[in-house]
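Since the structure comes first, as structure tokens, the remarks are kept for the end.
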Amino acid sequence: MTRTLGAPLAPFADALPVPQRLVAAEQHGQLSVPIRAGAHRFHRDLPESAVWGYDGRVPGPTIEAERGQAVTVVWRNELDGTLPVVVTTAPKATDASGVPVQCVPGLSGGTPDQNAAALAGHTVVHLHGGLVPAPYDGWAENLFAPGQHAVFHYPMDQRAALIWYHDHVMGVTRFDVYAGLAGLWIIRDRRERELGLPEGPPFEVPLLIQDRNFGLDGSGRLTGQLVHKTDPEVMEAFPPFTAVNGKVWPLLEVQPATYRFRVLNGSNARTYRLVLLHDGEPELHRIIQIGTDHGLLRTPASLPPDGLVLASAERADLARRLLRPGAWQRAHAAQHCRRPFDGAPFPAANAYSAADPAGCCHIRTSCASASSPVRSLVGRSQASSPPTTAYLHRTQWPARHAARSR
């Protein structure tokens, strides 16, 4: 697909938000999380959007837990009103100009679904990737209504990893998650800490990537109203705006130091191909992947030459040494594939001119000198290894420290 429409919102105008942290150990493993309606601004130039969120936030707070230290969460359903998302199906897959309706804001001639509009705030929370007893898995029919609460016990008997929590109500999970009911959950352990990885802000950065669409008023201006739009050819929604941590096309100011990016594709259906660009050219060799859904890899891995592909709910643990003060760099999250994703290859060199003109976010390195309080993650390449190979103080993770990759 070629670029057909200009971006109606200014890219890289908002700073990348960092979700609030809830550290379970600081509260003796006892957490209480309200589930509330709220208002959220996805971009500085957008009106506020009505949302549902954990603690009324988009995304919800990042919960941090220790391996082997059980966590009890009281999930309190304080939702009021009906679903804050307009659900519609456009009558045609393309508009009068031949542009796919999935690529443009608004309803594209669709009629709001009255059944979806009448959905009340029943919810249930699923800890995606957590090893939990069946009663606390958040299975789709174990829902609780507004005014009720659920007490879930999580043993945390699993290795360090990035997992996440989200709504899981039967038949409407896609709408509730789209409304904002999602958050990150990080499990930490001693073995991972022995490696000296960045932990917490500012050098550990969670990145929850989701796509969103918004309504239009009579003058064609974006209203901020969340719109979940499908078409007759595709039953999933593929909205045109990429939000990271709840902001459309944000800017991340960083220091010349080592960063750890904890990435989650929290979109309902979209598959992303992530490419880091500098001056329009890919710099994939400057990133190493150190973990996946289930924790650390046995050894750090170079990213694929076409970019890192993440399907819905997949996670990646990435390390990046930012060395050039004052340089602009783009972390470009683009949909270089058919919808739904068919696995077709796409050269990373073509990412800059791809359909998504803004990508995911901008990374700008500060001119001020700074040093990370952790050991350097990216060492010199060994003469016997490809030039893109990087390592963490040793050429391979000790087997006792590593998680199997999927």
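In the structure tokens, each chain is lettered A, B, ... as it comes, each chain's residues begin at 1, and ligands are numbered from 1 in order of appearance.
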
Check which residues of stretch 241-276 of chain A sit at most 10 Å from stretch 153-170 of chain A using only C-alpha atoms, and return one row each with the closest pair of atoms and their distance in Å to one decimal, ordered by chain and rising number, as JSON lines.
```
{"residue": "A:Arg262", "atom": "CA", "partner": "A:Leu162", "partner_atom": "CA", "distance": 7.1}
{"residue": "A:Val263", "atom": "CA", "partner": "A:Leu162", "partner_atom": "CA", "distance": 8.5}
{"residue": "A:Leu264", "atom": "CA", "partner": "A:Leu162", "partner_atom": "CA", "distance": 8.4}
{"residue": "A:Gly266", "atom": "CA", "partner": "A:Trp164", "partner_atom": "CA", "distance": 9.1}
```

**Request:** Measure the distance from atom CA of A:Leu143 to atom CA of A:Val125 in Å and round it to one decimal.
**Result:** 8.3 Å

**Prompt:** Which of these residues is nearest to A:Gln20, using only C-alpha atoms: A:Gly138, A:Gly200, A:Gly121, A:Gly180?
**Reply:**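 Closest candidate: A:Gly200.
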
**Request:** Could you give me the residues within stretch 50-294 of chain A that DSSP places in strand (DSSP E), as an NGL selection string?
**Result:** :A and (50-54 or 62-66 or 71-77 or 85-89 or 125-128 or 149-154 or 161-167 or 182-188 or 204-212 or 214-216 or 222-230 or 241-244 or 247-248 or 251-254 or 258-265 or 272-278 or 281-282 or 287-292)

Written file, previous selection with C-alpha atoms, as an mmCIF file, in the first residue's frame:
```cif
data_model
loop_
_atom_site.group_PDB
_atom_site.id
_atom_site.type_symbol
_atom_site.label_atom_id
_atom_site.label_comp_id
_atom_site.auth_asym_id
_atom_site.auth_seq_id
_atom_site.Cartn_x
_atom_site.Cartn_y
_atom_site.Cartn_z
ATOM 1 C CA ALA A 50 -14.191 8.394 27.287
ATOM 2 C CA VAL A 51 -12.452 5.173 28.351
ATOM 3 C CA TRP A 52 -12.613 2.276 30.748
ATOM 4 C CA GLY A 53 -9.360 1.676 32.578
ATOM 5 C CA TYR A 54 -7.692 0.005 35.524
ATOM 6 C CA THR A 62 2.337 -1.653 35.634
ATOM 7 C CA ILE A 63 2.312 -4.221 38.424
ATOM 8 C CA GLU A 64 5.735 -5.500 39.505
ATOM 9 C CA ALA A 65 6.036 -8.748 41.444
ATOM 10 C CA GLU A 66 8.840 -10.958 42.747
ATOM 11 C CA VAL A 71 0.329 -11.411 45.122
ATOM 12 C CA THR A 72 -3.328 -10.939 46.013
ATOM 13 C CA VAL A 73 -5.271 -8.411 43.961
ATOM 14 C CA VAL A 74 -8.723 -7.140 44.794
ATOM 15 C CA TRP A 75 -10.177 -6.178 41.427
ATOM 16 C CA ARG A 76 -12.955 -3.675 42.203
ATOM 17 C CA ASN A 77 -15.524 -3.107 39.491
ATOM 18 C CA VAL A 85 -16.721 2.786 22.158
ATOM 19 C CA VAL A 86 -18.766 3.163 18.981
ATOM 20 C CA VAL A 87 -18.813 -0.224 17.240
ATOM 21 C CA THR A 88 -19.661 -0.290 13.552
ATOM 22 C CA THR A 89 -19.260 -2.166 10.283
ATOM 23 C CA VAL A 125 -9.408 -9.954 34.623
ATOM 24 C CA HIS A 126 -7.093 -12.408 32.885
ATOM 25 C CA LEU A 127 -3.371 -12.448 33.725
ATOM 26 C CA HIS A 128 -2.015 -13.275 30.275
ATOM 27 C CA HIS A 149 -15.274 -7.129 43.330
ATOM 28 C CA ALA A 150 -13.155 -10.232 42.810
ATOM 29 C CA VAL A 151 -10.178 -11.385 44.902
ATOM 30 C CA PHE A 152 -7.554 -13.209 42.837
ATOM 31 C CA HIS A 153 -4.465 -14.922 44.254
ATOM 32 C CA TYR A 154 -1.376 -15.160 42.035
ATOM 33 C CA ALA A 161 9.149 -12.183 32.413
ATOM 34 C CA LEU A 162 6.881 -9.505 31.007
ATOM 35 C CA ILE A 163 3.252 -10.606 31.070
ATOM 36 C CA TRP A 164 0.069 -8.519 31.030
ATOM 37 C CA TYR A 165 -3.460 -8.328 32.352
ATOM 38 C CA HIS A 166 -6.623 -7.457 30.467
ATOM 39 C CA ASP A 167 -10.381 -7.854 30.403
ATOM 40 C CA ALA A 182 -5.157 -3.530 29.688
ATOM 41 C CA GLY A 183 -1.948 -3.168 31.696
ATOM 42 C CA LEU A 184 1.545 -4.630 32.021
ATOM 43 C CA TRP A 185 2.780 -7.002 34.727
ATOM 44 C CA ILE A 186 6.512 -7.580 35.291
ATOM 45 C CA ILE A 187 7.866 -10.542 37.242
ATOM 46 C CA ARG A 188 11.410 -10.155 38.577
ATOM 47 C CA GLU A 204 13.724 0.263 31.616
ATOM 48 C CA VAL A 205 10.928 1.470 29.346
ATOM 49 C CA PRO A 206 7.622 -0.403 28.939
ATOM 50 C CA LEU A 207 6.056 0.010 25.491
ATOM 51 C CA LEU A 208 2.426 -1.080 25.108
ATOM 52 C CA ILE A 209 1.603 -0.729 21.398
ATOM 53 C CA GLN A 210 -2.056 -0.561 20.366
ATOM 54 C CA ASP A 211 -3.968 0.766 17.368
ATOM 55 C CA ARG A 212 -6.950 3.088 17.736
ATOM 56 C CA PHE A 214 -11.571 8.039 16.413
ATOM 57 C CA GLY A 215 -14.829 9.574 15.276
ATOM 58 C CA LEU A 216 -15.298 12.611 13.027
ATOM 59 C CA LEU A 222 -11.466 14.183 15.013
ATOM 60 C CA THR A 223 -13.719 14.062 18.059
ATOM 61 C CA GLY A 224 -11.733 11.719 20.299
ATOM 62 C CA GLN A 225 -14.651 9.248 20.398
ATOM 63 C CA LEU A 226 -13.204 5.732 20.213
ATOM 64 C CA VAL A 227 -14.411 3.866 17.106
ATOM 65 C CA HIS A 228 -14.075 0.112 16.540
ATOM 66 C CA LYS A 229 -14.713 -0.310 12.804
ATOM 67 C CA THR A 230 -14.713 -3.453 10.687
ATOM 68 C CA PHE A 241 -3.533 5.399 14.552
ATOM 69 C CA THR A 242 -0.715 3.760 16.518
ATOM 70 C CA ALA A 243 -0.690 4.547 20.236
ATOM 71 C CA VAL A 244 2.186 3.711 22.576
ATOM 72 C CA LYS A 247 -0.355 8.300 23.207
ATOM 73 C CA VAL A 248 -0.536 8.509 19.410
ATOM 74 C CA LEU A 251 8.357 11.219 21.525
ATOM 75 C CA LEU A 252 10.822 9.578 23.904
ATOM 76 C CA GLU A 253 13.700 11.723 25.167
ATOM 77 C CA VAL A 254 16.604 9.529 26.269
ATOM 78 C CA THR A 258 21.813 1.579 27.936
ATOM 79 C CA TYR A 259 18.053 1.106 27.696
ATOM 80 C CA ARG A 260 15.842 -1.931 28.063
ATOM 81 C CA PHE A 261 12.557 -1.817 26.140
ATOM 82 C CA ARG A 262 9.772 -4.144 27.341
ATOM 83 C CA VAL A 263 7.501 -4.312 24.301
ATOM 84 C CA LEU A 264 3.957 -5.690 24.099
ATOM 85 C CA ASN A 265 1.648 -5.751 21.093
ATOM 86 C CA TYR A 272 3.518 -5.169 13.738
ATOM 87 C CA ARG A 273 6.929 -5.275 12.153
ATOM 88 C CA LEU A 274 9.216 -3.115 14.310
ATOM 89 C CA VAL A 275 12.163 -1.390 12.687
ATOM 90 C CA LEU A 276 14.560 1.143 14.252
ATOM 91 C CA LEU A 277 15.479 3.853 11.741
ATOM 92 C CA HIS A 278 18.092 6.606 11.722
ATOM 93 C CA GLU A 281 17.903 3.876 7.243
ATOM 94 C CA PRO A 282 17.378 0.741 9.363
ATOM 95 C CA ILE A 287 19.364 -3.689 18.999
ATOM 96 C CA ILE A 288 19.596 -7.107 20.594
ATOM 97 C CA GLN A 289 16.679 -9.218 21.738
ATOM 98 C CA ILE A 290 17.239 -10.711 25.163
ATOM 99 C CA GLY A 291 13.809 -12.133 25.914
ATOM 100 C CA THR A 292 10.377 -13.210 24.664
#
```

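Note that atom CA of A:His40 and atom CA of A:Phe12 are 17.7 Å apart.
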
**Item:** Computed interatomic separation between atom CA of A:Asn142 and atom CA of A:Leu181 (Å)
**Value:**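 Here the two named atoms are 16.4 Å from each other.
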
Can you list every residue of stretch 121-185 of chain A that has an atom at most 9 Å from stretch 80-83 of chain A, with its nearest atom pair and the distance in Å to one decimal, using only C-alpha atoms, ordered by chain then number, as a tab-separated table?
```
residue	atom	partner	partner_atom	distance
A:Gly121	CA	A:Thr82	CA	6.5
A:Pro146	CA	A:Asp80	CA	6.8
A:Gly147	CA	A:Asp80	CA	8.9
A:Phe175	CA	A:Leu83	CA	8.0
A:Asp176	CA	A:Leu83	CA	7.6
A:Ala179	CA	A:Leu83	CA	7.5
```
